[in-house]
>>> print(open('upload-v2.pdb').read())   # PDB, C-alpha atoms
ATOM      1  CA  MET A  29     -26.132  23.582 -17.034
ATOM      2  CA  ASN A  30     -23.665  24.285 -14.208
ATOM      3  CA  LEU A  31     -20.421  24.080 -16.176
ATOM      4  CA  ASP A  32     -18.046  26.129 -14.025
ATOM      5  CA  LEU A  33     -14.712  27.247 -15.460
ATOM      6  CA  GLY A  34     -14.110  29.769 -12.726
ATOM      7  CA  PRO A  35     -14.411  33.556 -12.911
ATOM      8  CA  GLU A  36     -13.287  35.228 -16.130
ATOM      9  CA  PRO A  37     -11.787  32.122 -17.801
ATOM     10  CA  PRO A  38      -9.124  32.769 -20.476
ATOM     11  CA  PHE A  39     -11.145  30.793 -23.040
ATOM     12  CA  ARG A  40     -14.783  31.071 -24.060
ATOM     13  CA  LYS A  41     -14.994  28.031 -26.302
ATOM     14  CA  PHE A  42     -13.255  24.679 -26.563
ATOM     15  CA  ALA A  43     -13.743  21.218 -28.039
ATOM     16  CA  ILE A  44     -13.981  17.824 -26.354
ATOM     17  CA  GLY A  45     -14.132  14.956 -28.806
ATOM     18  CA  PRO A  46     -16.793  15.834 -31.403
ATOM     19  CA  TYR A  47     -18.433  18.427 -29.142
ATOM     20  CA  GLN A  48     -17.950  22.184 -29.395
ATOM     21  CA  ILE A  49     -18.647  23.938 -26.094
ATOM     22  CA  ASP A  50     -19.323  27.679 -25.965
ATOM     23  CA  LEU A  51     -19.798  29.699 -22.810
ATOM     24  CA  VAL A  52     -22.928  31.847 -22.867
ATOM     25  CA  SER A  53     -22.487  35.596 -23.339
ATOM     26  CA  ASN A  54     -23.390  36.381 -19.709
ATOM     27  CA  TYR A  55     -21.298  33.527 -18.288
ATOM     28  CA  ASP A  56     -19.388  35.739 -15.834
ATOM     29  CA  GLU A  57     -22.605  36.988 -14.274
ATOM     30  CA  LEU A  58     -24.085  33.492 -13.999
ATOM     31  CA  GLN A  59     -20.859  31.884 -12.749
ATOM     32  CA  ALA A  60     -20.837  34.212  -9.760
ATOM     33  CA  GLU A  61     -24.283  32.898  -8.816
ATOM     34  CA  LEU A  62     -23.329  29.195  -8.875
ATOM     35  CA  SER A  63     -22.990  27.316  -5.611
ATOM     36  CA  SER A  64     -19.516  27.208  -4.091
ATOM     37  CA  LEU A  65     -17.654  25.402  -1.335
ATOM     38  CA  ARG A  66     -15.493  27.039   1.285
ATOM     39  CA  ARG A  67     -11.833  27.088   0.299
ATOM     40  CA  GLU A  68      -9.063  27.960   2.713
ATOM     41  CA  THR A  69      -5.328  28.399   2.355
ATOM     42  CA  TRP A  70      -2.432  28.730   4.793
ATOM     43  CA  PRO A  71       0.665  30.784   3.938
ATOM     44  CA  LEU A  72       3.866  28.761   3.592
ATOM     45  CA  ASP A  73       6.261  31.561   4.488
ATOM     46  CA  PHE A  74       5.045  32.672   7.919
ATOM     47  CA  ILE A  75       7.818  33.866  10.254
ATOM     48  CA  ASP A  76       6.112  34.459  13.583
ATOM     49  CA  GLY A  77       4.376  31.089  13.676
ATOM     50  CA  PRO A  78       1.222  29.947  11.880
ATOM     51  CA  PRO A  79      -1.695  32.392  11.773
ATOM     52  CA  ASP A  80      -4.706  31.814  13.994
ATOM     53  CA  GLU A  81      -7.045  31.544  11.031
ATOM     54  CA  PRO A  82      -6.535  30.407   7.427
ATOM     55  CA  LYS A  83      -7.151  32.786   4.570
ATOM     56  CA  ILE A  84     -10.564  32.175   3.005
ATOM     57  CA  VAL A  85     -10.231  31.936  -0.768
ATOM     58  CA  THR A  86     -13.935  31.418  -1.432
ATOM     59  CA  LYS A  87     -16.920  31.372   0.887
ATOM     60  CA  GLU A  88     -19.560  28.694   0.809
ATOM     61  CA  LYS A  89     -22.931  29.589  -0.676
ATOM     62  CA  ALA A  90     -25.956  27.669  -1.896
ATOM     63  CA  GLY A  91     -26.176  29.403  -5.257
ATOM     64  CA  LYS A  92     -28.443  28.191  -8.024
ATOM     65  CA  ASN A  93     -28.383  26.099 -11.194
ATOM     66  CA  SER A  94     -27.775  28.078 -14.377
ATOM     67  CA  ILE A  95     -27.207  27.497 -18.077
ATOM     68  CA  THR A  96     -23.581  28.564 -18.409
ATOM     69  CA  ALA A  97     -22.682  26.988 -21.753
ATOM     70  CA  THR A  98     -24.077  25.523 -24.949
ATOM     71  CA  VAL A  99     -22.852  22.457 -26.819
ATOM     72  CA  ARG A 100     -22.913  21.508 -30.503
ATOM     73  CA  CYS A 101     -22.067  18.294 -32.310
ATOM     74  CA  LYS A 102     -22.349  17.376 -35.998
ATOM     75  CA  SER A 103     -22.262  13.601 -35.606
ATOM     76  CA  GLU A 104     -22.937  12.380 -32.093
ATOM     77  CA  PRO A 105     -21.418   9.062 -30.937
ATOM     78  CA  GLU A 106     -23.064   6.533 -28.668
ATOM     79  CA  ALA A 107     -22.405   6.728 -24.948
ATOM     80  CA  ILE A 108     -19.848   4.392 -23.396
ATOM     81  CA  LEU A 109     -20.150   5.301 -19.709
ATOM     82  CA  SER A 110     -23.760   4.200 -19.486
ATOM     83  CA  ASN A 111     -25.801   1.034 -19.231
ATOM     84  CA  GLY A 112     -28.676   2.559 -21.194
ATOM     85  CA  ARG A 113     -29.192   3.986 -24.661
ATOM     86  CA  GLU A 114     -27.873   7.483 -24.057
ATOM     87  CA  LYS A 115     -25.844   9.388 -26.613
ATOM     88  CA  GLY A 116     -22.287  10.608 -26.146
ATOM     89  CA  ILE A 117     -23.473  13.832 -24.527
ATOM     90  CA  TRP A 118     -24.171  11.696 -21.447
ATOM     91  CA  ASP A 119     -20.503  10.708 -21.278
ATOM     92  CA  LEU A 120     -19.470  14.323 -21.737
ATOM     93  CA  CYS A 121     -21.672  15.427 -18.839
ATOM     94  CA  LEU A 122     -20.353  12.618 -16.609
ATOM     95  CA  ILE A 123     -16.747  13.559 -17.361
ATOM     96  CA  LEU A 124     -17.340  17.262 -16.723
ATOM     97  CA  SER A 125     -19.256  16.405 -13.538
ATOM     98  CA  TYR A 126     -16.368  14.291 -12.263
ATOM     99  CA  LEU A 127     -13.693  16.835 -13.100
ATOM    100  CA  SER A 128     -15.586  19.860 -11.777
ATOM    101  CA  GLY A 129     -17.088  18.190  -8.709
ATOM    102  CA  ARG A 130     -20.556  19.512  -9.557
ATOM    103  CA  ASN A 131     -23.417  18.082 -11.603
ATOM    104  CA  VAL A 132     -23.134  19.208 -15.221
ATOM    105  CA  PHE A 133     -26.263  18.330 -17.165
ATOM    106  CA  LEU A 134     -28.622  19.268 -19.973
ATOM    107  CA  LEU A 135     -31.618  21.478 -19.305
ATOM    108  CA  GLU A 136     -33.940  18.532 -19.963
ATOM    109  CA  ASN A 137     -32.442  16.742 -16.938
ATOM    110  CA  GLU A 138     -32.805  19.668 -14.542
ATOM    111  CA  ARG A 139     -35.499  17.996 -12.460
ATOM    112  CA  ARG A 140     -33.186  15.049 -11.853
ATOM    113  CA  TYR A 141     -30.519  17.366 -10.455
ATOM    114  CA  GLN A 142     -32.687  19.994  -8.816
ATOM    115  CA  HIS A 143     -30.737  19.762  -5.554
ATOM    116  CA  ILE A 144     -27.528  21.797  -5.339
ATOM    117  CA  VAL A 145     -24.899  19.730  -3.576
ATOM    118  CA  HIS A 146     -21.451  19.106  -4.981
ATOM    119  CA  GLY A 147     -17.875  18.179  -4.147
ATOM    120  CA  PHE A 148     -14.495  19.717  -4.844
ATOM    121  CA  ASP A 149     -13.039  19.758  -8.329
ATOM    122  CA  VAL A 150     -10.531  17.158  -9.528
ATOM    123  CA  VAL A 151      -8.654  19.671 -11.674
ATOM    124  CA  ARG A 152      -8.596  23.448 -11.633
ATOM    125  CA  SER A 153     -11.016  25.235 -13.935
ATOM    126  CA  TRP A 154      -8.282  26.408 -16.306
ATOM    127  CA  GLN A 155      -7.262  22.765 -16.865
ATOM    128  CA  MET A 156     -10.796  21.579 -17.552
ATOM    129  CA  PRO A 157     -10.643  21.509 -21.376
ATOM    130  CA  GLN A 158      -7.337  19.608 -21.390
ATOM    131  CA  ALA A 159      -8.420  17.135 -18.704
ATOM    132  CA  ALA A 160     -11.841  16.588 -20.263
ATOM    133  CA  GLU A 161     -10.310  15.876 -23.673
ATOM    134  CA  ILE A 162      -7.928  13.331 -22.111
ATOM    135  CA  ALA A 163     -10.760  11.693 -20.169
ATOM    136  CA  TRP A 164     -12.983  11.593 -23.247
ATOM    137  CA  SER A 165     -10.309   9.805 -25.270
ATOM    138  CA  ASN A 166      -9.883   7.212 -22.496
ATOM    139  CA  ARG A 167     -13.556   6.369 -21.934
ATOM    140  CA  THR A 168     -13.027   2.943 -23.457
ATOM    141  CA  ASN A 169     -10.805   2.013 -20.502
ATOM    142  CA  PHE A 170     -14.089   1.335 -18.697
ATOM    143  CA  ARG A 171     -14.726  -2.041 -20.285
ATOM    144  CA  SER A 172     -17.759  -3.212 -18.355
ATOM    145  CA  GLU A 173     -20.677  -1.913 -16.353
ATOM    146  CA  ARG A 174     -18.942  -3.150 -13.231
ATOM    147  CA  GLU A 175     -15.902  -0.999 -13.967
ATOM    148  CA  MET A 176     -18.169   2.021 -14.481
ATOM    149  CA  ARG A 177     -20.043   1.693 -11.206
ATOM    150  CA  PRO A 178     -17.351   3.394  -9.073
ATOM    151  CA  LEU A 179     -17.737   6.467 -11.307
ATOM    152  CA  TRP A 180     -21.513   6.489 -10.916
ATOM    153  CA  TYR A 181     -21.262   5.991  -7.157
ATOM    154  CA  PHE A 182     -18.634   8.707  -6.822
ATOM    155  CA  LEU A 183     -20.842  11.209  -8.638
ATOM    156  CA  HIS A 184     -23.737  10.300  -6.335
ATOM    157  CA  LEU A 185     -21.352  10.705  -3.392
ATOM    158  CA  ASN A 186     -20.595  14.250  -4.521
ATOM    159  CA  SER A 187     -24.302  14.969  -4.892
ATOM    160  CA  SER A 188     -25.306  13.813  -1.414
ATOM    161  CA  SER A 189     -25.360  15.995   1.685
ATOM    162  CA  ASP A 190     -25.797  12.987   3.990
ATOM    163  CA  ALA A 191     -22.446  12.017   5.530
ATOM    164  CA  GLU A 192     -23.444   8.390   6.102
ATOM    165  CA  VAL A 193     -24.667   7.983   2.527
ATOM    166  CA  LYS A 194     -21.442   9.535   1.221
ATOM    167  CA  ALA A 195     -19.360   7.137   3.330
ATOM    168  CA  LEU A 196     -21.380   4.129   2.191
ATOM    169  CA  LEU A 197     -21.116   5.049  -1.492
ATOM    170  CA  GLY A 198     -17.368   5.551  -1.182
ATOM    171  CA  CYS A 199     -16.854   2.214   0.554
ATOM    172  CA  VAL A 200     -19.007   0.249  -1.882
ATOM    173  CA  ALA A 201     -17.185   1.885  -4.801
ATOM    174  CA  LEU A 202     -13.830   0.975  -3.257
ATOM    175  CA  GLU A 203     -14.937  -2.616  -2.724
ATOM    176  CA  ILE A 204     -15.829  -2.887  -6.409
ATOM    177  CA  ILE A 205     -12.479  -1.352  -7.380
ATOM    178  CA  GLN A 206     -10.640  -3.791  -5.159
ATOM    179  CA  ARG A 207     -12.334  -6.760  -6.812
ATOM    180  CA  VAL A 208     -11.932  -5.417 -10.349
ATOM    181  CA  GLU A 209      -8.223  -4.760  -9.924
ATOM    182  CA  ASN A 210      -7.650  -8.022  -8.065
ATOM    183  CA  GLU A 211      -9.255 -10.081 -10.825
ATOM    184  CA  ARG A 212      -7.038  -8.392 -13.376
ATOM    185  CA  SER A 213      -3.805  -9.141 -11.539
ATOM    186  CA  HIS A 214      -4.816 -12.330  -9.724
ATOM    187  CA  ALA A 215      -2.138 -15.014  -9.807
ATOM    188  CA  ALA A 216      -3.113 -18.491 -10.931
ATOM    189  CA  LEU A 217      -3.698 -21.112  -8.250
ATOM    190  CA  PRO A 218      -1.276 -24.065  -7.995
ATOM    191  CA  ASP A 219      -1.800 -26.967 -10.409
ATOM    192  CA  GLY A 220      -4.449 -29.359  -9.203
ATOM    193  CA  PHE A 221      -5.910 -26.958  -6.633
ATOM    194  CA  GLU A 222      -9.100 -26.223  -8.551
ATOM    195  CA  LYS A 223      -9.713 -29.944  -9.126
ATOM    196  CA  LEU A 224      -9.290 -30.535  -5.401
ATOM    197  CA  ILE A 225     -11.829 -27.812  -4.605
ATOM    198  CA  GLU A 226     -14.336 -29.299  -7.034
ATOM    199  CA  LYS A 227     -13.808 -32.740  -5.505
ATOM    200  CA  LEU A 228     -14.480 -31.373  -2.010
ATOM    201  CA  LYS A 229     -17.624 -29.603  -3.212
ATOM    202  CA  LYS A 230     -18.878 -32.839  -4.747
ATOM    203  CA  GLU A 231     -18.221 -34.748  -1.526
ATOM    204  CA  ILE A 232     -20.088 -32.094   0.468
ATOM    205  CA  GLU A 233     -23.058 -32.328  -1.896
ATOM    206  CA  GLN A 234     -23.104 -36.130  -1.582
ATOM    207  CA  SER A 235     -22.564 -36.099   2.184
ATOM    208  CA  GLU A 236     -25.076 -37.141   4.837
ATOM    209  CA  VAL A 237     -25.797 -33.520   5.740
ATOM    210  CA  GLU A 238     -29.516 -33.172   5.080
ATOM    211  CA  ASP A 239     -29.784 -29.390   5.173
ATOM    212  CA  GLN A 240     -29.299 -28.214   1.574
ATOM    213  CA  ASP A 241     -28.730 -24.635   2.675
ATOM    214  CA  LEU A 242     -25.918 -25.771   4.957
ATOM    215  CA  ARG A 243     -24.367 -27.835   2.157
ATOM    216  CA  ASN A 244     -24.475 -24.796  -0.122
ATOM    217  CA  ARG A 245     -22.795 -22.638   2.505
ATOM    218  CA  LEU A 246     -20.083 -25.234   3.034
ATOM    219  CA  LYS A 247     -19.431 -25.439  -0.704
ATOM    220  CA  SER A 248     -19.282 -21.669  -0.890
ATOM    221  CA  ALA A 249     -16.757 -21.548   1.949
ATOM    222  CA  VAL A 250     -14.589 -24.214   0.330
ATOM    223  CA  GLY A 251     -14.723 -22.325  -2.958
ATOM    224  CA  LYS A 252     -13.018 -19.371  -1.298
ATOM    225  CA  TRP A 253     -10.039 -21.419  -0.127
ATOM    226  CA  GLY A 254      -6.784 -20.264  -1.627
ATOM    227  CA  SER A 255      -8.025 -16.720  -2.172
ATOM    228  CA  GLU A 256      -6.259 -13.759  -0.618
ATOM    229  CA  SER A 257      -7.858 -12.066   2.351
ATOM    230  CA  ALA A 258      -9.611  -8.741   1.784
ATOM    231  CA  ALA A 259      -6.865  -6.986   3.752
ATOM    232  CA  GLN A 260      -4.130  -8.518   1.583
ATOM    233  CA  THR A 261      -6.056  -7.697  -1.586
ATOM    234  CA  PHE A 262      -6.338  -4.067  -0.484
ATOM    235  CA  ARG A 263      -2.650  -3.929   0.348
ATOM    236  CA  ASN A 264      -1.835  -5.325  -3.094
ATOM    237  CA  LEU A 265      -4.043  -2.641  -4.633
ATOM    238  CA  LEU A 266      -2.062   0.092  -2.877
ATOM    239  CA  ILE A 267       1.206  -1.496  -4.010
ATOM    240  CA  HIS A 268      -0.098  -1.755  -7.580
ATOM    241  CA  TYR A 269      -1.045   1.936  -7.499
ATOM    242  CA  GLU A 270       2.416   2.752  -6.076
ATOM    243  CA  LEU A 271       0.864   4.320  -2.992
ATOM    244  CA  ILE A 272       2.867   2.145  -0.587
ATOM    245  CA  GLU A 273       6.017   0.057  -0.711
ATOM    246  CA  SER A 274       5.683  -3.712  -0.436
ATOM    247  CA  SER A 275       7.882  -3.486   2.668
ATOM    248  CA  VAL A 276       5.455  -1.212   4.539
ATOM    249  CA  GLU A 277       5.390  -1.997   8.262
ATOM    250  CA  GLY A 278       4.725  -0.538  11.696
ATOM    251  CA  ILE A 279       2.176   2.268  12.068
ATOM    252  CA  PRO A 280       1.885   2.835   8.288
ATOM    253  CA  LEU A 281       0.880  -0.815   7.870
ATOM    254  CA  ARG A 282      -1.682  -0.451  10.654
ATOM    255  CA  ARG A 283      -3.126   2.559   8.847
ATOM    256  CA  VAL A 284      -3.396   0.495   5.656
ATOM    257  CA  ARG A 285      -5.220  -2.248   7.554
ATOM    258  CA  CYS A 286      -7.530   0.291   9.166
ATOM    259  CA  ILE A 287      -8.503   1.795   5.799
ATOM    260  CA  SER A 288      -9.318  -1.708   4.554
ATOM    261  CA  GLU A 289     -11.269  -2.538   7.696
ATOM    262  CA  MET A 290     -13.100   0.798   7.499
ATOM    263  CA  ARG A 291     -14.236  -0.018   3.970
ATOM    264  CA  ASN A 292     -15.397  -3.458   5.045
ATOM    265  CA  ARG A 293     -17.240  -2.335   8.171
ATOM    266  CA  ILE A 294     -19.073   0.594   6.613
ATOM    267  CA  ALA A 295     -20.024  -1.378   3.498
ATOM    268  CA  HIS A 296     -21.279  -4.410   5.428
ATOM    269  CA  ASP A 297     -22.104  -3.330   8.984
ATOM    270  CA  GLY A 298     -22.593   0.433   8.823
ATOM    271  CA  ASP A 299     -19.956   0.832  11.522
ATOM    272  CA  PHE A 300     -16.567   2.550  11.763
ATOM    273  CA  ALA A 301     -13.231   0.834  12.274
ATOM    274  CA  ILE A 302     -11.167   2.145  15.184
ATOM    275  CA  PRO A 303      -7.612   3.464  14.644
ATOM    276  CA  ASP A 304      -6.377   1.618  17.733
ATOM    277  CA  TRP A 305      -2.782   2.867  17.486
ATOM    278  CA  ILE A 306      -3.982   6.313  18.612
ATOM    279  CA  ASP A 307      -4.279   6.807  22.375
ATOM    280  CA  ASP A 308      -6.327   9.997  22.488
ATOM    281  CA  ALA A 309     -10.067   9.299  22.102
ATOM    282  CA  GLN A 310     -10.821  12.506  20.202
ATOM    283  CA  ARG A 311      -7.896  11.922  17.861
ATOM    284  CA  ARG A 312      -9.164   8.393  17.196
ATOM    285  CA  LYS A 313     -12.567   9.783  16.282
ATOM    286  CA  ASP A 314     -11.066  12.475  14.046
ATOM    287  CA  ALA A 315      -8.832   9.944  12.294
ATOM    288  CA  ALA A 316     -11.741   7.556  11.699
ATOM    289  CA  ILE A 317     -13.802  10.353  10.154
ATOM    290  CA  PHE A 318     -10.850  11.433   8.018
ATOM    291  CA  ILE A 319     -10.334   7.903   6.701
ATOM    292  CA  ALA A 320     -14.019   7.425   5.900
ATOM    293  CA  ALA A 321     -14.711  10.889   4.509
ATOM    294  CA  ARG A 322     -11.410  11.785   2.822
ATOM    295  CA  LEU A 323      -9.098   8.809   2.314
ATOM    296  CA  ILE A 324     -11.597   6.332   0.909
ATOM    297  CA  PRO A 325     -13.044   8.816  -1.633
ATOM    298  CA  ALA A 326      -9.431   9.648  -2.558
ATOM    299  CA  MET A 327      -8.873   5.957  -3.286
ATOM    300  CA  VAL A 328     -11.916   5.936  -5.560
ATOM    301  CA  MET A 329     -10.551   9.021  -7.311
ATOM    302  CA  GLU A 330      -7.214   7.257  -7.759
ATOM    303  CA  TYR A 331      -8.962   4.489  -9.689
ATOM    304  CA  LEU A 332     -10.987   6.930 -11.793
ATOM    305  CA  ASN A 333      -7.989   9.146 -12.517
ATOM    306  CA  ARG A 334      -6.069   6.118 -13.757
ATOM    307  CA  LYS A 335      -8.975   4.934 -15.883
ATOM    308  CA  PHE A 336      -9.357   8.374 -17.434
ATOM    309  CA  GLY A 337      -5.595   8.666 -18.025
ATOM    310  CA  LEU A 338      -5.224  11.814 -15.921
ATOM    311  CA  MET A 339      -2.241  10.817 -13.795
ATOM    312  CA  GLN A 340       0.149  13.217 -15.526
ATOM    313  CA  LEU A 341      -1.774  16.254 -14.227
ATOM    314  CA  ASN A 342      -0.295  17.921 -11.140
ATOM    315  CA  ARG A 343      -3.532  18.290  -9.212
ATOM    316  CA  VAL A 344      -4.368  14.646  -9.848
ATOM    317  CA  GLN A 345      -0.954  13.638  -8.529
ATOM    318  CA  ARG A 346      -1.768  15.680  -5.429
ATOM    319  CA  ASN A 347      -4.611  13.246  -4.728
ATOM    320  CA  SER A 348      -2.103  10.382  -4.725
ATOM    321  CA  GLY A 349       0.126  12.418  -2.432
ATOM    322  CA  ILE A 350      -2.700  12.882   0.073
ATOM    323  CA  ILE A 351      -3.084   9.110   0.390
ATOM    324  CA  LYS A 352       0.652   8.502   0.749
ATOM    325  CA  GLU A 353       1.070  11.335   3.241
ATOM    326  CA  TYR A 354      -1.537   9.997   5.621
ATOM    327  CA  ILE A 355      -0.380   6.388   5.412
ATOM    328  CA  TYR A 356       3.259   7.215   6.098
ATOM    329  CA  LYS A 357       2.992  10.342   8.261
ATOM    330  CA  GLY A 358      -0.510  10.439   9.719
ATOM    331  CA  THR A 359      -0.957  13.991   8.412
ATOM    332  CA  HIS A 360      -3.041  15.767   5.788
ATOM    333  CA  GLU A 361      -1.254  18.507   3.874
ATOM    334  CA  GLY A 362       1.050  18.983   6.833
ATOM    335  CA  MET A 363      -1.669  19.072   9.490
ATOM    336  CA  GLN A 364      -1.789  16.363  12.148
ATOM    337  CA  ILE A 365      -4.580  13.799  11.921
ATOM    338  CA  ASP A 366      -3.302  11.014  14.177
ATOM    339  CA  GLY A 367      -1.363  13.282  16.518
ATOM    340  CA  ILE A 368       1.583  10.883  16.797
TER     341      ILE A 368
END
>>> encode(input="upload-v2.pdb", output="structure tokens")
Amino acid sequence: MNLDLGPEPPFRKFAIGPYQIDLVSNYDELQAELSSLRRETWPLDFIDGPPDEPKIVTKEKAGKNSITATVRCKSEPEAILSNGREKGIWDLCLILSYLSGRNVFLLENERRYQHIVHGFDVVRSWQMPQAAEIAWSNRTNFRSEREMRPLWYFLHLNSSSDAEVKALLGCVALEIIQRVENERSHAALPDGFEKLIEKLKKEIEQSEVEDQDLRNRLKSAVGKWGSESAAQTFRNLLIHYELIESSVEGIPLRRVRCISEMRNRIAHDGDFAIPDWIDDAQRRKDAAIFIAARLIPAMVMEYLNRKFGLMQLNRVQRNSGIIKEYIYKGTHEGMQIDGI
């Protein structure tokens, strides 16, 4: 249900892995009844200044769930993107849900997805078969349940209409990503450091401090010595993803720190970080909302796009460009966010 390849797609059937997908005969009629988000566009060649209003490409509407395609498979594989016992069709639905921005599911799961809330697509509808085939072939890049969780949380983020829940899911997903990527690239500690830490822990345990809980907290604190700060880990993540240069400084560096602090505050305190380099109060509020609602989900998408091997696609690269543009210019697709 809910597979959306846009109006009048140039193909009516395609294959993803072992699955053959066929659009239903009345697809065009049903597609027009699916829910849609508002899309706007601004002309790039205006002469007399920008227009007062953007051109509306599509209007928002609630729509309804519909069976828009059928799927066949001769020999179905086991699911990889799941912690249960689902078959490969589960992975296929997750991939199509991620790429299309809407929940794609089997009729038997309709009750689970009876609400109609969704996000924007990752790739355009005409690229869906190509992108889905690439993503399917790269499912094994998710090597643990922990590495899969950002995908699950992102899909829940798209399905929620609650702004605070969306922000929380995005921040928790980003925190997991940060830890996963940091563990993979973490440099070894100096020789003898780990032995020193263990010695200190042993001395704390054998100390005269009677409160066991306090001793445990002290040992935990000592165990974190030598580790990079969360802010440095996030900066390293951006460098690893080639979203910033290692020499980043000034306002761009403050934006990087604010994104990291925003993730930390929302995930742990339910509060927003303040972009303190912006003087205007309304601009500060707008920038904070933009970071929480747009930049952090874009960071989660960056991780997922890399895992799925989609980085060669133009629209996916646009997501990377959105992150870079804000960090270095304080704008979003040419429009001012910070106002400086």
>>> atom_distance(input="upload-v2.pdb", atom1="atom CA of Arg130 of chain A", atom2="atom CA of Thr98 of chain A")
16.9 Å
>>> residues_around(input="upload-v2.pdb", residues="segment 310-326 of chain A", least_positions_apart="3", cutoff="6 Å", atoms="only C-alpha atoms", output="list of chain:residue names")
A:Ala195, A:Gly198, A:Pro303, A:Ile306, A:Met329, A:Ile365, A:Asp366
>>> atom_distance(input="upload-v2.pdb", atom1="atom CA of Glu211 of chain A", atom2="atom CA of Leu224 of chain A")
21.2 Å
>>> closest_residue(input="upload-v2.pdb", among="A:Ser275, A:Thr168, A:Gln48, A:Ser257", to="Phe336 of chain A", atoms="all atoms listed in the file")
A:Thr168
>>> residues_around(input="upload-v2.pdb", residues="Ala60 of chain A", least_positions_apart="2", cutoff="10 Å", atoms="all atoms listed in the file", output="PyMOL selection string")
chain A and resi 32+34-36+55-58+62-64+91-92
>>> resolve_selection(input="upload-v2.pdb", expression="the PyMOL selection byres ((chain A and resi 293-301) around 7)", output="VMD selection string")
chain A and resid 196 199 to 200 286 289 to 292 302 to 303 316
>>> closest_residue(input="upload-v2.pdb", among="A:Glu270, A:Ile123, A:Ser103, A:Gly278", to="Gln345 of chain A", atoms="all atoms listed in the file")
A:Glu270
